[in-house]
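Here's data.txt, which has compact mmCIF, C-alpha atoms:
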```txt
# COMPACT_ATOMS: atom_id res chain seq x y z
CA MET N 1 -108.95 -38.11 -44.20
CA PRO N 2 -109.42 -37.52 -40.45
CA PRO N 3 -107.66 -34.57 -38.81
CA ARG N 4 -104.30 -35.37 -37.28
CA ALA N 5 -102.55 -34.00 -34.20
CA ASP N 6 -98.86 -34.00 -33.32
CA CYS N 7 -98.26 -33.95 -29.54
CA THR N 8 -95.28 -32.51 -27.67
CA ALA N 9 -94.78 -32.90 -23.92
CA ASP N 10 -92.88 -30.38 -21.81
CA SER N 11 -90.78 -31.10 -18.73
CA ALA N 12 -93.54 -29.84 -16.39
CA GLY N 13 -95.98 -32.42 -17.78
CA GLY N 14 -97.99 -30.15 -20.07
CA LEU N 15 -98.93 -31.01 -23.67
CA THR N 16 -99.02 -29.06 -26.93
CA PHE N 17 -101.26 -30.25 -29.78
CA ASP N 18 -100.49 -29.23 -33.38
CA VAL N 19 -103.54 -30.03 -35.50
CA SER N 20 -103.75 -30.11 -39.28
CA ASP N 21 -105.63 -27.02 -40.48
CA HIS N 22 -109.35 -27.59 -41.05
CA GLY N 23 -109.32 -25.20 -44.05
CA SER N 24 -112.07 -22.94 -42.70
CA PRO N 25 -111.84 -19.36 -41.38
CA ALA N 26 -114.21 -20.30 -38.56
CA PRO N 27 -112.63 -20.65 -35.09
CA ALA N 28 -111.90 -24.13 -33.83
CA SER N 29 -111.29 -25.85 -30.51
CA LEU N 30 -109.55 -28.98 -29.37
CA VAL N 31 -112.00 -30.91 -27.18
CA LEU N 32 -110.96 -33.55 -24.65
CA VAL N 33 -113.82 -35.77 -23.46
CA ASP N 34 -113.56 -37.97 -20.37
CA ARG N 35 -114.54 -41.41 -21.63
CA ALA N 36 -116.10 -42.43 -18.30
CA ALA N 37 -117.83 -39.27 -17.05
CA GLY N 38 -118.42 -37.36 -20.30
CA GLU N 39 -116.82 -34.22 -18.88
CA GLU N 40 -115.23 -31.89 -21.45
CA VAL N 41 -112.14 -29.70 -21.48
CA ARG N 42 -112.00 -27.20 -24.38
CA LEU N 43 -108.78 -25.63 -25.60
CA PRO N 44 -108.70 -22.88 -28.25
CA LEU N 45 -106.82 -23.70 -31.45
CA THR N 46 -104.65 -20.85 -32.72
CA PRO N 47 -103.36 -20.63 -36.34
CA MET N 48 -99.57 -21.02 -36.51
CA GLY N 49 -99.13 -19.64 -40.04
CA ASP N 50 -97.67 -22.89 -41.35
CA GLY N 51 -100.89 -24.75 -42.06
CA ARG N 52 -101.32 -25.96 -38.48
CA LEU N 53 -103.43 -25.00 -35.49
CA ARG N 54 -102.02 -25.18 -31.96
CA ALA N 55 -103.63 -25.82 -28.57
CA SER N 56 -101.84 -25.95 -25.23
CA LEU N 57 -102.72 -28.01 -22.18
CA PRO N 58 -100.44 -26.71 -19.41
CA ILE N 59 -100.10 -28.66 -16.19
CA SER N 60 -102.03 -25.87 -14.43
CA VAL N 61 -105.21 -26.80 -16.34
CA GLY N 62 -107.00 -29.51 -14.39
CA LEU N 63 -107.53 -32.87 -16.09
CA PRO N 64 -109.01 -35.44 -13.69
CA GLU N 65 -107.64 -38.97 -13.75
CA GLY N 66 -108.96 -41.03 -16.64
CA ARG N 67 -108.88 -41.48 -20.41
CA TRP N 68 -109.69 -38.39 -22.46
CA ASP N 69 -110.65 -38.84 -26.13
CA ALA N 70 -109.43 -35.99 -28.39
CA TYR N 71 -111.59 -34.17 -30.96
CA VAL N 72 -111.34 -31.04 -33.08
CA GLN N 73 -114.50 -28.95 -33.41
CA VAL N 74 -114.95 -26.13 -35.89
CA SER N 75 -117.54 -23.55 -34.83
CA GLY N 76 -120.99 -24.63 -36.04
CA GLU N 77 -119.91 -28.19 -36.90
CA ASP N 78 -119.90 -31.54 -35.11
CA PRO N 79 -116.68 -32.62 -33.35
CA ALA N 80 -114.32 -34.80 -35.43
CA ARG N 81 -112.20 -37.50 -33.80
CA LEU N 82 -108.48 -36.81 -33.96
CA VAL N 83 -105.90 -39.38 -34.98
CA PRO N 84 -102.32 -39.29 -33.63
CA GLY N 85 -99.48 -37.86 -35.66
CA LEU N 86 -95.95 -37.59 -34.30
CA ASN N 87 -95.48 -37.66 -30.53
CA ASP N 88 -92.44 -36.05 -28.92
CA LEU N 89 -92.54 -37.34 -25.35
CA ARG N 90 -88.81 -37.31 -24.60
CA SER N 91 -89.24 -34.88 -21.70
CA LEU N 92 -91.47 -37.41 -19.88
CA VAL N 93 -88.72 -40.03 -19.65
CA ASP N 94 -87.25 -40.10 -16.12
CA ARG N 95 -89.28 -37.01 -15.24
CA ALA N 96 -88.80 -36.00 -11.59
CA PRO N 97 -91.37 -33.43 -10.40
CA SER N 98 -90.44 -31.29 -7.42
CA GLY N 99 -93.54 -32.40 -5.49
CA SER N 100 -94.00 -28.80 -4.32
CA ARG N 101 -97.60 -28.74 -5.61
CA GLY N 102 -98.51 -31.58 -3.25
CA TYR N 103 -99.62 -33.73 -6.18
CA VAL N 104 -98.26 -35.35 -9.33
CA ALA N 105 -100.08 -34.80 -12.63
CA VAL N 106 -99.24 -36.94 -15.66
CA ARG N 107 -100.67 -36.77 -19.20
CA ILE N 108 -99.59 -39.26 -21.88
CA PRO N 109 -101.10 -39.20 -25.40
CA TYR N 110 -101.47 -42.57 -27.12
CA ALA N 111 -103.17 -44.31 -30.03
CA THR N 112 -106.22 -46.42 -29.16
CA LYS N 113 -106.80 -49.85 -30.70
CA HIS N 114 -109.00 -48.09 -33.28
CA GLY N 115 -106.19 -45.69 -34.21
CA ASN N 116 -107.63 -42.60 -32.51
CA LEU N 117 -105.89 -40.09 -30.23
CA THR N 118 -106.56 -40.31 -26.49
CA VAL N 119 -104.79 -38.76 -23.50
CA ARG N 120 -104.30 -40.88 -20.38
CA SER N 121 -104.30 -38.64 -17.32
CA TRP N 122 -103.26 -39.34 -13.73
CA LEU N 123 -103.64 -37.03 -10.74
CA ARG N 124 -102.19 -38.43 -7.52
CA THR N 125 -102.23 -36.58 -4.18
CA PRO N 126 -99.69 -37.59 -2.91
CA HIS N 127 -97.86 -40.10 -5.10
CA ALA N 128 -95.43 -43.02 -4.60
CA GLU N 129 -93.40 -43.67 -7.75
CA ALA N 130 -92.12 -47.23 -8.19
CA GLY N 131 -88.63 -47.42 -9.65
CA ASP N 132 -86.41 -50.48 -9.87
CA LEU N 133 -87.90 -53.89 -9.04
CA ALA N 134 -85.64 -56.75 -8.00
CA VAL N 135 -86.81 -60.37 -7.65
CA THR N 136 -84.37 -62.56 -5.71
CA ASP N 137 -84.64 -65.64 -3.49
CA GLY N 138 -88.42 -65.67 -3.26
CA GLU N 139 -88.87 -61.99 -2.46
CA LEU N 140 -89.58 -58.71 -4.22
CA THR N 141 -87.80 -55.45 -3.46
CA VAL N 142 -89.28 -52.21 -4.82
CA LYS N 143 -87.32 -48.98 -4.73
CA GLY N 144 -88.99 -45.64 -5.27
CA ARG N 145 -89.76 -42.11 -4.15
CA VAL N 146 -92.72 -40.27 -2.67
CA TYR N 147 -94.00 -36.90 -3.88
CA GLY N 148 -96.19 -34.45 -2.00
CA THR N 149 -95.67 -36.03 1.42
CA GLU N 150 -92.94 -36.97 3.90
CA PHE N 151 -92.13 -40.11 5.83
CA THR N 152 -92.47 -40.08 9.61
CA ALA N 153 -91.40 -42.51 12.30
CA LYS N 154 -94.81 -44.18 11.95
CA ALA N 155 -94.36 -44.95 8.24
CA HIS N 156 -95.15 -48.45 7.06
CA ALA N 157 -96.14 -50.35 3.92
CA GLU N 158 -99.28 -52.41 3.39
CA ILE N 159 -99.79 -55.35 1.05
CA ARG N 160 -103.56 -55.59 0.63
CA SER N 161 -105.42 -58.63 -0.64
CA ARG N 162 -107.96 -57.71 -3.29
CA ALA N 163 -110.27 -60.45 -2.03
CA THR N 164 -113.33 -59.42 -0.05
CA SER N 165 -112.37 -59.21 3.63
CA GLY N 166 -108.87 -60.32 2.65
CA PRO N 167 -105.88 -59.68 4.89
CA VAL N 168 -103.68 -56.59 5.01
CA LEU N 169 -100.03 -57.49 5.56
CA ARG N 170 -97.05 -55.33 6.44
CA GLY N 171 -94.01 -55.12 4.18
CA GLU N 172 -90.48 -54.36 5.33
CA LEU N 173 -90.04 -50.63 4.61
CA THR N 174 -86.83 -48.61 4.84
CA VAL N 175 -86.73 -44.90 4.07
CA ASP N 176 -84.09 -42.27 3.31
CA GLY N 177 -85.55 -38.79 2.90
CA THR N 178 -88.21 -39.11 0.20
CA GLU N 179 -86.79 -42.40 -1.13
CA PHE N 180 -87.88 -45.84 0.03
CA ALA N 181 -87.23 -49.54 -0.38
CA LEU N 182 -90.00 -52.08 0.19
CA ARG N 183 -89.24 -55.78 0.66
CA ILE N 184 -92.01 -58.39 0.32
CA GLY N 185 -91.53 -62.09 1.02
CA TYR N 186 -93.62 -64.11 -1.42
CA ASP N 187 -94.04 -66.90 1.13
CA GLU N 188 -96.24 -64.55 3.19
CA LEU N 189 -98.80 -64.22 0.39
CA SER N 190 -101.72 -66.52 -0.33
CA GLU N 191 -103.30 -67.11 -3.72
CA GLY N 192 -104.87 -64.02 -5.30
CA HIS N 193 -104.03 -60.43 -6.23
CA TRP N 194 -102.21 -58.09 -3.85
CA ASP N 195 -102.02 -54.28 -4.11
CA LEU N 196 -99.11 -52.29 -2.68
CA TRP N 197 -99.63 -49.18 -0.55
CA LEU N 198 -97.54 -46.85 1.57
CA ARG N 199 -98.67 -45.13 4.77
CA PRO N 200 -95.93 -42.45 5.08
CA ALA N 201 -97.40 -40.98 8.29
CA GLY N 202 -98.88 -44.17 9.72
CA GLU N 203 -102.55 -44.95 10.30
CA ASP N 204 -103.58 -41.29 10.64
CA GLY N 205 -101.97 -40.12 7.38
CA PRO N 206 -102.65 -40.56 3.66
CA GLU N 207 -102.88 -43.90 1.87
CA VAL N 208 -100.56 -43.81 -1.13
CA ARG N 209 -100.79 -46.37 -3.94
CA LEU N 210 -97.51 -47.50 -5.51
CA ALA N 211 -97.53 -46.84 -9.24
CA ARG N 212 -95.17 -46.12 -12.11
CA LEU N 213 -96.32 -42.99 -13.91
CA LEU N 214 -93.29 -40.81 -14.62
CA ASP N 215 -92.35 -41.91 -18.13
CA ASP N 216 -93.84 -41.95 -21.63
CA ILE N 217 -95.64 -45.33 -21.54
CA ALA N 218 -99.42 -45.04 -21.18
CA ASP N 219 -100.10 -48.76 -20.59
CA LYS N 220 -97.32 -50.69 -18.89
CA LYS N 221 -99.17 -53.96 -18.31
CA PRO N 222 -98.36 -55.55 -21.71
CA ILE N 223 -94.82 -54.10 -21.82
CA PHE N 224 -93.24 -54.56 -18.39
CA ALA N 225 -92.68 -58.22 -17.46
CA TYR N 226 -90.95 -59.53 -14.34
CA PRO N 227 -89.74 -63.01 -13.33
CA ALA N 228 -92.27 -65.44 -11.89
CA VAL N 229 -91.13 -67.24 -8.74
CA THR N 230 -92.31 -70.62 -7.43
CA VAL N 231 -93.32 -70.50 -3.78
CA PRO N 232 -93.98 -73.61 -1.59
CA ALA N 233 -97.37 -73.34 0.12
CA GLY N 234 -98.90 -76.08 2.27
CA GLY N 235 -97.62 -79.04 0.27
CA ARG N 236 -98.16 -77.49 -3.15
CA GLU N 237 -96.49 -74.82 -5.24
CA LEU N 238 -97.74 -71.35 -6.10
CA THR N 239 -96.33 -68.88 -8.60
CA ALA N 240 -95.84 -65.23 -7.64
CA GLU N 241 -95.09 -62.36 -10.00
CA PRO N 242 -95.35 -58.56 -9.88
CA TYR N 243 -97.22 -56.67 -12.60
CA TYR N 244 -98.68 -53.28 -13.44
CA THR N 245 -102.45 -52.93 -13.61
CA GLY N 246 -104.38 -51.12 -16.33
CA ASP N 247 -103.93 -47.95 -14.27
CA ASN N 248 -100.15 -48.52 -13.98
CA ASP N 249 -100.47 -49.36 -10.28
CA LEU N 250 -98.07 -52.00 -8.95
CA ALA N 251 -99.52 -55.33 -7.80
CA ILE N 252 -98.55 -58.96 -7.22
CA GLU N 253 -100.41 -62.00 -8.53
CA VAL N 254 -100.09 -65.34 -6.73
CA HIS N 255 -101.62 -68.29 -8.58
CA ALA N 256 -101.42 -72.06 -8.88
CA GLY N 257 -99.16 -73.57 -11.52
CA VAL N 258 -96.32 -72.06 -13.51
```
What's the structure tokens form of this structure?
Amino acid sequence: MPPRADCTADSAGGLTFDVSDHGSPAPASLVLVDRAAGEEVRLPLTPMGDGRLRASLPISVGLPEGRWDAYVQVSGEDPARLVPGLNDLRSLVDRAPSGSRGYVAVRIPYATKHGNLTVRSWLRTPHAEAGDLAVTDGELTVKGRVYGTEFTAKAHAEIRSRATSGPVLRGELTVDGTEFALRIGYDELSEGHWDLWLRPAGEDGPEVRLARLLDDIADKKPIFAYPAVTVPAGGRELTAEPYYTGDNDLAIEVHAGV
């Protein structure tokens, strides 16, 4: 039976892993491996006296953005893939970081399609968190908040076509402190995929991708669904609908047909 890990998230965004004891007096480590780059982060596993071993991943330990597969490795042995046990991620729901670090770090453990334990990590410097989305009368309004930056008088929003040499449009942006509302008229968009960005300080400041990260859902694309709207376009009809990408970034798809 493969080793199992229970995961608990704290309000700062850190994770604790409680791993079933490997039954050996040899020291063990929890190993996180970046699926794309192969980079490793090793965390010591400490006996808890109740048949479990514990490793902590505080928010202060760097974990670059990506998917990190979880293993347990006993000294002198090959790493063994971990499977998920119980996840307590309640503290991640409606989490609101202070933004004082200048970045937002998010780690969400989840079960892969093969039943293994992986941690999805995001590290955004700065970050624009998408909140409520409203679709009315052929337009989309996104409300949210920025972290690690401030709006200036030059602030604006950009709706960028993903097509090669595609246009960059301006959305209607209103701000109140760190909060914002972005209105996008679907009739301004042509067929294709459009990514949403903020420029809080204008052209000379950071480019900030709109995303929804501050909850306990690792992959929002198959879970969050929004109304599709029919848009007249040059004698035919297009359908526009917002969606979250595989990285939980907010985008709009405009396509022919319903």
So that I can check the surroundings of Ile59 in chain N, please list as a PyMOL selection string every protein, DNA and RNA residue that reaches within 7 Å of it, counting only C-alpha atoms and ignoring chain neighbours fewer than 3 positions away. chain N and resi 12-14
Range 70-72 of chain N: which residues within 12 Å, counting all atoms listed in the file, same-chain residues fewer than 6 positions away excluded, as a short mmCIF file (atom, residue, chain, number, x, y, z; two decimals) with C-alpha atoms, in the frame of the given file?
```
data_model
loop_
_atom_site.label_atom_id
_atom_site.label_comp_id
_atom_site.auth_asym_id
_atom_site.auth_seq_id
_atom_site.Cartn_x
_atom_site.Cartn_y
_atom_site.Cartn_z
CA PRO N 2 -109.42 -37.52 -40.45
CA PRO N 3 -107.66 -34.57 -38.81
CA ARG N 4 -104.30 -35.37 -37.28
CA ALA N 5 -102.55 -34.00 -34.20
CA ASP N 6 -98.86 -34.00 -33.32
CA CYS N 7 -98.26 -33.95 -29.54
CA PHE N 17 -101.26 -30.25 -29.78
CA ASP N 18 -100.49 -29.23 -33.38
CA VAL N 19 -103.54 -30.03 -35.50
CA SER N 20 -103.75 -30.11 -39.28
CA ASP N 21 -105.63 -27.02 -40.48
CA HIS N 22 -109.35 -27.59 -41.05
CA PRO N 27 -112.63 -20.65 -35.09
CA ALA N 28 -111.90 -24.13 -33.83
CA SER N 29 -111.29 -25.85 -30.51
CA LEU N 30 -109.55 -28.98 -29.37
CA VAL N 31 -112.00 -30.91 -27.18
CA LEU N 32 -110.96 -33.55 -24.65
CA VAL N 33 -113.82 -35.77 -23.46
CA ASP N 34 -113.56 -37.97 -20.37
CA ARG N 35 -114.54 -41.41 -21.63
CA GLU N 40 -115.23 -31.89 -21.45
CA VAL N 41 -112.14 -29.70 -21.48
CA ARG N 42 -112.00 -27.20 -24.38
CA LEU N 43 -108.78 -25.63 -25.60
CA PRO N 44 -108.70 -22.88 -28.25
CA LEU N 45 -106.82 -23.70 -31.45
CA LEU N 53 -103.43 -25.00 -35.49
CA ARG N 54 -102.02 -25.18 -31.96
CA ALA N 55 -103.63 -25.82 -28.57
CA ASP N 78 -119.90 -31.54 -35.11
CA PRO N 79 -116.68 -32.62 -33.35
CA ALA N 80 -114.32 -34.80 -35.43
CA ARG N 81 -112.20 -37.50 -33.80
CA LEU N 82 -108.48 -36.81 -33.96
CA VAL N 83 -105.90 -39.38 -34.98
CA PRO N 84 -102.32 -39.29 -33.63
CA PRO N 109 -101.10 -39.20 -25.40
CA TYR N 110 -101.47 -42.57 -27.12
CA ALA N 111 -103.17 -44.31 -30.03
CA THR N 112 -106.22 -46.42 -29.16
CA GLY N 115 -106.19 -45.69 -34.21
CA ASN N 116 -107.63 -42.60 -32.51
CA LEU N 117 -105.89 -40.09 -30.23
CA THR N 118 -106.56 -40.31 -26.49
CA VAL N 119 -104.79 -38.76 -23.50
CA ARG N 120 -104.30 -40.88 -20.38
#
```
What lies within 8 Å of Glu179 in chain N using only C-alpha atoms, ignoring chain neighbours under 6 positions off, as number ranges by chain? N: 143-146
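The gap separating CA of Asp216 in chain N from CA of Ala228 in chain N is 25.5 Å, in Å to one decimal.
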Please report as CSV every residue of range 108-138 of chain N lying within 10 Å of range 236-244 of chain N, along with the nearest atom pair and their distance in Å (one decimal), using all atoms listed in the file.
```
residue,atom,partner,partner_atom,distance
N:Leu133,CA,N:Pro242,CA,8.8
N:Val135,CA,N:Glu241,CA,8.8
N:Gly138,CA,N:Ala240,CA,8.6
```
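Between CA of Ile217 in chain N and CA of Arg67 in chain N the interatomic distance comes to 13.8 Å.
The interatomic distance for the pair CA of Ala218 in chain N and CA of Pro97 in chain N works out to 17.8 Å.
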Can you pull out every residue within 12 Å of range 196-205 of chain N, counting only C-alpha atoms, but drop anything in the same chain fewer than 6 positions away, and send it as a PyMOL selection string? chain N and resi 126-130+140-142+144-162+168-184+211-212+242-245+248-253
Just write the chosen residues, C-alpha atoms, as a short mmCIF file (atom, residue, chain, number, x, y, z; two decimals), in the frame of the given file.
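What landed in selection-v9.cif:
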```cif
data_model
loop_
_atom_site.label_atom_id
_atom_site.label_comp_id
_atom_site.auth_asym_id
_atom_site.auth_seq_id
_atom_site.Cartn_x
_atom_site.Cartn_y
_atom_site.Cartn_z
CA PRO N 126 -99.69 -37.59 -2.91
CA HIS N 127 -97.86 -40.10 -5.10
CA ALA N 128 -95.43 -43.02 -4.60
CA GLU N 129 -93.40 -43.67 -7.75
CA ALA N 130 -92.12 -47.23 -8.19
CA LEU N 140 -89.58 -58.71 -4.22
CA THR N 141 -87.80 -55.45 -3.46
CA VAL N 142 -89.28 -52.21 -4.82
CA GLY N 144 -88.99 -45.64 -5.27
CA ARG N 145 -89.76 -42.11 -4.15
CA VAL N 146 -92.72 -40.27 -2.67
CA TYR N 147 -94.00 -36.90 -3.88
CA GLY N 148 -96.19 -34.45 -2.00
CA THR N 149 -95.67 -36.03 1.42
CA GLU N 150 -92.94 -36.97 3.90
CA PHE N 151 -92.13 -40.11 5.83
CA THR N 152 -92.47 -40.08 9.61
CA ALA N 153 -91.40 -42.51 12.30
CA LYS N 154 -94.81 -44.18 11.95
CA ALA N 155 -94.36 -44.95 8.24
CA HIS N 156 -95.15 -48.45 7.06
CA ALA N 157 -96.14 -50.35 3.92
CA GLU N 158 -99.28 -52.41 3.39
CA ILE N 159 -99.79 -55.35 1.05
CA ARG N 160 -103.56 -55.59 0.63
CA SER N 161 -105.42 -58.63 -0.64
CA ARG N 162 -107.96 -57.71 -3.29
CA VAL N 168 -103.68 -56.59 5.01
CA LEU N 169 -100.03 -57.49 5.56
CA ARG N 170 -97.05 -55.33 6.44
CA GLY N 171 -94.01 -55.12 4.18
CA GLU N 172 -90.48 -54.36 5.33
CA LEU N 173 -90.04 -50.63 4.61
CA THR N 174 -86.83 -48.61 4.84
CA VAL N 175 -86.73 -44.90 4.07
CA ASP N 176 -84.09 -42.27 3.31
CA GLY N 177 -85.55 -38.79 2.90
CA THR N 178 -88.21 -39.11 0.20
CA GLU N 179 -86.79 -42.40 -1.13
CA PHE N 180 -87.88 -45.84 0.03
CA ALA N 181 -87.23 -49.54 -0.38
CA LEU N 182 -90.00 -52.08 0.19
CA ARG N 183 -89.24 -55.78 0.66
CA ILE N 184 -92.01 -58.39 0.32
CA ALA N 211 -97.53 -46.84 -9.24
CA ARG N 212 -95.17 -46.12 -12.11
CA PRO N 242 -95.35 -58.56 -9.88
CA TYR N 243 -97.22 -56.67 -12.60
CA TYR N 244 -98.68 -53.28 -13.44
CA THR N 245 -102.45 -52.93 -13.61
CA ASN N 248 -100.15 -48.52 -13.98
CA ASP N 249 -100.47 -49.36 -10.28
CA LEU N 250 -98.07 -52.00 -8.95
CA ALA N 251 -99.52 -55.33 -7.80
CA ILE N 252 -98.55 -58.96 -7.22
CA GLU N 253 -100.41 -62.00 -8.53
#
```
Which residue, N:Arg107, N:Ser100, N:Gly76, N:Arg52, has the smallest gap to Pro64 in chain N when you use all atoms listed in the file? N:Arg107
Which residues are close to Thr125 in chain N, i.e. within 7 Å by only C-alpha atoms, leaving aside same-chain residues fewer than 5 positions away? Reply as JSON, numbers by chain. {"N": [102, 103, 104, 148]}
Given the choices N:Met1, N:Ser11, N:Pro25, N:Ala163, which gets closest to Val74 in chain N if the distance is worked out from only C-alpha atoms? N:Pro25
Residue nearest Glu65 in chain N - candidates N:Val229, N:Ala36, N:Ile223, N:Leu210, atoms counted: only C-alpha atoms: N:Ala36
Rebuild N, CA and C atoms on range 135-146 of chain N, as a compact mmCIF listing (two decimals), in the coordinates of the input?
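And here's result-v6.txt as it stands now:
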```txt
# COMPACT_ATOMS: atom_id res chain seq x y z
N VAL N 135 -86.24 -59.10 -8.11
CA VAL N 135 -86.81 -60.37 -7.65
C VAL N 135 -85.66 -61.32 -7.37
N THR N 136 -85.46 -61.67 -6.09
CA THR N 136 -84.37 -62.56 -5.71
C THR N 136 -84.81 -63.44 -4.55
N ASP N 137 -84.46 -64.72 -4.61
CA ASP N 137 -84.64 -65.64 -3.49
C ASP N 137 -86.05 -65.58 -2.88
N GLY N 138 -87.05 -65.60 -3.74
CA GLY N 138 -88.42 -65.67 -3.26
C GLY N 138 -88.95 -64.40 -2.65
N GLU N 139 -88.35 -63.25 -2.98
CA GLU N 139 -88.87 -61.99 -2.46
C GLU N 139 -88.76 -60.90 -3.51
N LEU N 140 -89.55 -59.87 -3.33
CA LEU N 140 -89.58 -58.71 -4.22
C LEU N 140 -89.11 -57.49 -3.44
N THR N 141 -88.20 -56.73 -4.03
CA THR N 141 -87.80 -55.45 -3.46
C THR N 141 -88.13 -54.35 -4.46
N VAL N 142 -88.88 -53.35 -4.00
CA VAL N 142 -89.28 -52.21 -4.82
C VAL N 142 -88.61 -50.96 -4.26
N LYS N 143 -87.89 -50.26 -5.12
CA LYS N 143 -87.32 -48.98 -4.73
C LYS N 143 -88.12 -47.86 -5.39
N GLY N 144 -88.22 -46.73 -4.70
CA GLY N 144 -88.99 -45.64 -5.27
C GLY N 144 -88.86 -44.36 -4.48
N ARG N 145 -89.79 -43.44 -4.76
CA ARG N 145 -89.76 -42.11 -4.15
C ARG N 145 -91.18 -41.61 -3.97
N VAL N 146 -91.42 -40.89 -2.88
CA VAL N 146 -92.72 -40.27 -2.67
C VAL N 146 -92.69 -38.80 -3.05
```
